[in-house]
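**Q** First the structure, which I've put down as structure tokens, then a few questions once you've had a look.
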Amino acid sequence: MFIINCPYCGERDQTEFSSGGEAHIVRPKQPTELSDDEWAEFLFMRKNIKGIQFERWNHSHGCRKWFNVVRDTSNDKIHAVYKMGEKPPANK
Amino acid sequence: MSQELRINNNKFIDQTTRLSFKFNGEKLYGYKGDTLASALLANNIHLVGRSFKYHRPRGIMTCGSEEPNAIVQIGNDPSLTDPNVRATEIELYEGLEAFSQNCWPNVKFDIGGINNFLSPLLPAGFYYKTFMWPASFWEKYEFFIRHSAGLGKSPSKPDPDIYDHKYYHCDVLVVGGGISGIMAAKLSAENNNETLLLDDKNTLGGATIYQNNDCFQIDGTHTNYWLEKEINKIKNIKNLTIKTRTSLAAYHGYNYLLAKENLTDHLSPDERKGKIRQRLWKIRAKKVIIATGSIERPLIFNNNDRPGIMLSSAIKKFIDFYGVKAGKEISLFTNNDSAYETAISLKKSGVNIVSIIDIRDKSSSKIVKEVEKHKIKIYWKHTIVNTEGYRRISFIEIMKLSDDGSGVIGKKIKLKTDCLGISGGWTPMVHLFTQSGGKLKFRSDDNVFLPDKNKTPSDQISIGSCNGDFDIKDIILNSNKAVKTFLGIENSSFDNLKVESSKEEMKRNIWLLPSDKPIGKTKPFLDFQNDSTAKDVKLALREGFKSIEHVKRYTTTGMGTDQGKLSNMHALGIIAETTGTNMGELGTTTFRPPYTPLTFGAIVGRNVGEFFDHTRKTAMHNWHVQNKAKFENVGQWKRAWYYPKNGETMFEAVQRESKAARESVGILDASTLGKIDIQGTDASEFLNRVYTNAWSKLAIGKCRYGLMLNEDGMVYDDGVTTRLGENHYIMTTTTGGAANVLTKLEDYLQTEWPELDVYLTTVTDHFSTISICGPNSKKILSKVIPDLDLSDEKFPHMSFKNSIIDGIKCRVMRISFTGEHSYEINIQSNFAKHVWELCMDAGKNYNITPYGTETMHLLRAEKGFIITGQDTDGTMTPSDLQMDWIIGKKKFDFIGKRSLYRSDTIRDDRKQLVGLLTDDPKEILEEGAQIVEKLNQKPVEMLGHVTSSYFSPNLNKSIALAVMKSGKKLKGKKFFVPMENKNINVTVTDTVFFDKENKRLNA
């Protein structure tokens, strides 16, 4: 069970958070103009990386804010935490 | 009482406090400080249980948590009895009662023992192979297999004991209170670290605390004296917390660890009363030092499982720590120097040692020379080829090993012995290390898997014998050095210790020792608890199993309650040897938590009974209780289900309630519906984006039904939203969906549309909702709120008014989920019960009838209104529900819109919502029942299933909703609903059964 440094509240146990899957998937501005394939890409396709992954997390039992986490899925080490709308760390 | 096997003047056993206990009904005595195992041995009892498969007699084999054989049932109280307790771990208390497991009628004569003679017929995979056919017989086999499987008996009544959870944060956690753990804890605490030291025993000091051998000395004293002084010193360090009887169960990421503390299992039943039995510690440590030690390996030879055959280190602990002689004529069988320590301990206590059988050619280490001084016969380069004795070992047969160790030569020697100590070297306990994500490396000198320093997660180290140091000199030197580096300590009180030890010079390892008999005629046990032998492993390999994980599951090696602590290494060794693989490449099976079994009580702690989950009750709950409502769980809510009168059945009550609501007036507590207050200048735009229909033009004071989709186009939630002001709405959601809807809406607001000026607040608990429906509902309302103009012109269907009842502000909506003229009063929860009672009072002359969720479901089904989650299951689009009218086709976008015309969602053979009528109007369909067209088709094609079904008292016939493939095209067609004893004829109809023209809304 890892410790997540909520950008609004500070370090808390993982039990206070819920995961929202891969980060930086932008909802298309004009979905009606997309082909089935392009819409399916947005709707279904998610990466499942062994290594550095960018994820969305919600402090669901705390401030209820969504934010982004850079986590190494091979050892659960969290490398960075940043707010929604902020630029991801350089190596993205 | 016979205590001739006891040694007097032992400091760990309080021989002044005699305790009585019962084993299989026989009254016996032991002393305070004994374990059940040591007390049994003192009473000359080795035979404790029967093995799992062959029911072979088995005895105490170890002195710790790795014990595979001596597992017993404690007590026979149906709520307190505890199965599979290791006799080597349970501390003796006055009145302890223990029973052998897995035997009938008793441990000395067990009918199941017949399996031993049938063993050639019961090889690995026997059950898989035998009970495969005919497949239809499985149900008969299962009955017998279930009865012959399993070890102890579970308690049959609820557990009355109290269990507790505790969070703990520390700088350094030291796991294991042996010599290296004690050193680490002292160094850590002395250097300003809040330190927690855990040990699963009741006494600190590990195996060193009873090591008083001249060969092993620290600063000129025996190691046990030195360690005892150190332990006394650390007891006074204020930064150090010591927890004994506390075993570490699991090591998770980020140094989060779980440990179980036993608080009362060592006390007599009287002393336990009112106390917490076990506590689960949830520990978060900045740094972890693992000092879990190692356990001795057995040797694998023919008939190595008889009672009286024990680990050599266990014999040593029983004599040195518990003061109990495990036998009178003891033999030792070894491949290393450890057994010689046992020999010296036994000799000192005056036990006769028959002989030492050593598979090595020779050893001239200090300790071996010491043993030779005592004139003990040592058979070098010999092995045991067989043992005899059914309920207790009586003879061993030994032969000389060939040079390559693959066979035996020369004459067989038979020796009389009543106890045999075996030592196959040591296995470091790396379970916690690997649980935490660490990777192992293999050291081939002594065949051990060790923590790989380069693949160790940060903020932890392993020290002592769990890190592969077996010599006391190495342990002290390396532990001191490692802890200093790990904690950044410059000087340590252990820097200049003078340690003397006996260096082991010779090693020899043979995983499966040869016999004079062919392997097929021998029983060399690997896993004592699950009765798997070296033969079984070899058979599995011949049958094509290659992966160690597969061999383990096929042969069940390492799958008992001991999780193969003794057997896994040998299984690996034999597989590696047979397949010609390097053990390091073969790897190990996965070490999974918990290290030793946890009780369910410890896992759940205090979250039992009413604390298992939150219960939410509405403000009117007590009224429902007083009026004999039956309740239904909806999420965490307790909702009134129906109100039986005068012994009515549920069916009768629901029929009465449903009729009353349509004929006069019904009243429902709808408070559990989710309510979200939505405010902000972009509130209308926000609703446009989250609902399928248009919202911008909804006038202030009007209500609208909305359908919410997931981005995949499937119906997610529904409810009525009311515009309270220019920038102010109140949304209602389903009862079960409230929290998820809020989370989802917040997600979109925060991540996709942060530019929108919208604020969401949950007000579910703040407002209670009273729903009044039926032709007389208006009369009730005019009595309760006389000032409110209820005319259709001023207060039409789907509109809202602020009002005041009895001086209390409220919101009244004219909306309907039943198709009747109806109102919903939303009022602050504090006053809700009072207003409910006012309504009941006002309705007295109109037979106002409280109804529950069941009647609500029936009434809405008559109208064909869906319930999300009942008529939908996450695979239904609005179109599938025949609700195309609610899709705002002109809207630019809303959540899920694009998905509504994906190739899959526009298929016309999707499952679609239909109405079903039974040909026999009295026949009520079962919800979930399948619908088919052809009865004699094989396999029959399932066209859909019933989602809602009721007997409608207002239509006097049975009605149902269902989802069916291409349902929209099936109106008027006939189908079957096959049930266990009959086939029900049904006809597809419209989904609206009652008042199709909606005349009653304005009645």
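Just so we're on the same page: first chain in the structure tokens is A, next is B, and so on; residues restart at 1 for each chain, and ligands are numbered from 1 in the order they show up.
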Under the rule of at most 9 Å, produce a per-residue listing of chain A near chain B: chain, number, name, the closest pair of atoms, and the distance in Å, as JSON lines, using only C-alpha atoms.
**A**
```
{"residue": "A:Met1", "atom": "CA", "partner": "B:Gly253", "partner_atom": "CA", "distance": 5.6}
{"residue": "A:Phe2", "atom": "CA", "partner": "B:Tyr254", "partner_atom": "CA", "distance": 5.4}
{"residue": "A:Ile3", "atom": "CA", "partner": "B:Tyr254", "partner_atom": "CA", "distance": 6.9}
{"residue": "A:Val26", "atom": "CA", "partner": "B:Glu752", "partner_atom": "CA", "distance": 7.3}
{"residue": "A:Arg27", "atom": "CA", "partner": "B:Glu752", "partner_atom": "CA", "distance": 6.8}
{"residue": "A:Gln30", "atom": "CA", "partner": "B:Asp893", "partner_atom": "CA", "distance": 7.7}
{"residue": "A:Pro31", "atom": "CA", "partner": "B:Arg898", "partner_atom": "CA", "distance": 5.9}
{"residue": "A:Thr32", "atom": "CA", "partner": "B:Arg898", "partner_atom": "CA", "distance": 5.8}
{"residue": "A:Glu33", "atom": "CA", "partner": "B:Arg898", "partner_atom": "CA", "distance": 9.0}
{"residue": "A:Leu34", "atom": "CA", "partner": "B:Arg898", "partner_atom": "CA", "distance": 8.3}
{"residue": "A:Ser35", "atom": "CA", "partner": "B:Arg902", "partner_atom": "CA", "distance": 8.8}
{"residue": "A:Asp36", "atom": "CA", "partner": "B:Arg902", "partner_atom": "CA", "distance": 5.9}
{"residue": "A:Trp39", "atom": "CA", "partner": "B:Arg898", "partner_atom": "CA", "distance": 7.6}
{"residue": "A:Ala40", "atom": "CA", "partner": "B:Ser899", "partner_atom": "CA", "distance": 8.7}
{"residue": "A:Leu43", "atom": "CA", "partner": "B:Asp712", "partner_atom": "CA", "distance": 7.0}
{"residue": "A:Phe44", "atom": "CA", "partner": "B:Asp712", "partner_atom": "CA", "distance": 8.9}
{"residue": "A:Asn58", "atom": "CA", "partner": "B:Asp747", "partner_atom": "CA", "distance": 8.6}
{"residue": "A:Ser60", "atom": "CA", "partner": "B:Thr743", "partner_atom": "CA", "distance": 8.2}
{"residue": "A:Arg64", "atom": "CA", "partner": "B:Thr743", "partner_atom": "CA", "distance": 8.3}
{"residue": "A:Lys65", "atom": "CA", "partner": "B:Gln750", "partner_atom": "CA", "distance": 7.6}
{"residue": "A:Trp66", "atom": "CA", "partner": "B:Gln750", "partner_atom": "CA", "distance": 6.8}
{"residue": "A:Phe67", "atom": "CA", "partner": "B:Thr751", "partner_atom": "CA", "distance": 8.6}
{"residue": "A:Asn75", "atom": "CA", "partner": "B:Gly437", "partner_atom": "CA", "distance": 7.4}
{"residue": "A:Asp76", "atom": "CA", "partner": "B:Gly253", "partner_atom": "CA", "distance": 7.4}
{"residue": "A:Lys77", "atom": "CA", "partner": "B:Tyr254", "partner_atom": "CA", "distance": 8.3}
{"residue": "A:Met84", "atom": "CA", "partner": "B:Thr751", "partner_atom": "CA", "distance": 6.5}
{"residue": "A:Gly85", "atom": "CA", "partner": "B:Thr751", "partner_atom": "CA", "distance": 7.7}
```
**Q** Compile the contact shell of region 54-57 of chain A as a ChimeraX atom specification: residues with an atom at most 12 Å away, counting only C-alpha atoms, same-chain residues fewer than 4 positions apart removed.
**A** /A:4-7,14-25,46-50,61-73,76,78-85,87-89,91-92 /B:747,750-751
**Q** What separation in Å, quoted to one decimal, exists between CA of Arg245 (chain B) and CA of Gly95 (chain B)?
**A** 20.5 Å
**Q** Report, in Å to a single decimal, how far apart CA of Val986 (chain B) and CA of Ser816 (chain B) are.
**A**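 Computing it gives 29.5 Å between the two atoms.
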**Q** As an exercise, work out the distance from CA of Lys317 (chain B) to CA of Asp471 (chain B) in Å and give it to one decimal place.
**A**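 Value for the CA of Lys317 (chain B)-CA of Asp471 (chain B) distance: 17.9 Å.
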**Q** Go through region 25-64 of chain A and collect every residue that DSSP, computed from the backbone, puts in helix (DSSP H, G or I); the answer should be as a PyMOL selection string.
**A** chain A and resi 31-33+36-44
**Q** Next, the residues of the selection above should be written as a CSV table (one decimal), in the first residue's frame with N, CA and C atoms.
**A**
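What ended up in part_13.csv:
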```csv
chain,number,residue,atom,x,y,z
A,31,PRO,N,-16.4,15.3,-30.9
A,31,PRO,CA,-16.5,13.8,-31.1
A,31,PRO,C,-17.3,13.4,-32.4
A,32,THR,N,-18.2,14.3,-32.8
A,32,THR,CA,-19.0,13.9,-33.9
A,32,THR,C,-18.2,13.8,-35.2
A,33,GLU,N,-17.1,14.5,-35.2
A,33,GLU,CA,-16.3,14.5,-36.4
A,33,GLU,C,-15.3,13.3,-36.5
A,36,ASP,N,-15.3,5.9,-36.3
A,36,ASP,CA,-15.4,4.9,-35.2
A,36,ASP,C,-14.1,4.5,-34.6
A,37,ASP,N,-13.1,4.4,-35.5
A,37,ASP,CA,-11.8,4.0,-35.0
A,37,ASP,C,-11.1,5.0,-34.1
A,38,GLU,N,-11.3,6.3,-34.6
A,38,GLU,CA,-10.7,7.4,-33.8
A,38,GLU,C,-11.4,7.5,-32.4
A,39,TRP,N,-12.7,7.3,-32.4
A,39,TRP,CA,-13.5,7.4,-31.2
A,39,TRP,C,-13.1,6.2,-30.3
A,40,ALA,N,-13.0,5.0,-30.9
A,40,ALA,CA,-12.6,3.8,-30.1
A,40,ALA,C,-11.2,4.0,-29.5
A,41,GLU,N,-10.3,4.7,-30.2
A,41,GLU,CA,-9.0,5.0,-29.7
A,41,GLU,C,-9.1,5.7,-28.4
A,42,PHE,N,-9.9,6.8,-28.4
A,42,PHE,CA,-10.1,7.6,-27.1
A,42,PHE,C,-10.9,6.8,-26.1
A,43,LEU,N,-11.9,6.0,-26.5
A,43,LEU,CA,-12.8,5.4,-25.5
A,43,LEU,C,-12.2,4.1,-24.9
A,44,PHE,N,-11.5,3.3,-25.6
A,44,PHE,CA,-11.1,2.0,-25.1
A,44,PHE,C,-9.6,1.8,-24.9
```
**Q** Using only C-alpha atoms for the distances, tell me which of B:Gly421, B:Gly468, B:Pro593, B:Pro939 is nearest to Ala250 (chain B).
**A**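 Once distances to Ala250 (chain B) are computed over only C-alpha atoms, the minimum belongs to B:Pro593.
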**Q** If we count only C-alpha atoms, what is near Glu585 (chain B) at a cut-off of 10 Å, once residues fewer than 4 positions away on the same chain are taken out, given as a list in words?
**A**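 That gives Lys441, Phe442, Ala576 and Thr581 of chain B.
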**Q** From a backbone DSSP assignment, name each residue in region 14-87 of chain A labelled strand (DSSP E), as a list in words.
**A** Ser18, Ser19, Gly20, Gly21, Glu22, Ile52, Gln53, Phe54, Glu55, Arg56, Trp57, Asn58, Trp66, Phe67, Asn68, Val69, Val70, Arg71, Asp72, Lys77, Ile78, His79, Ala80, Val81, Tyr82 and Lys83 of chain A
**Q** Could you list, as a list in words, every residue within 9 Å of Leu401 (chain B), counting only C-alpha atoms and ignoring same-chain residues fewer than 4 positions away?
**A**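 Non-adjacent residues within range: Ile359, Lys381, His382, Thr383, Gly405, Ser406, Gly407, Val408, Ile409, Gly410 and Pro514 of chain B.
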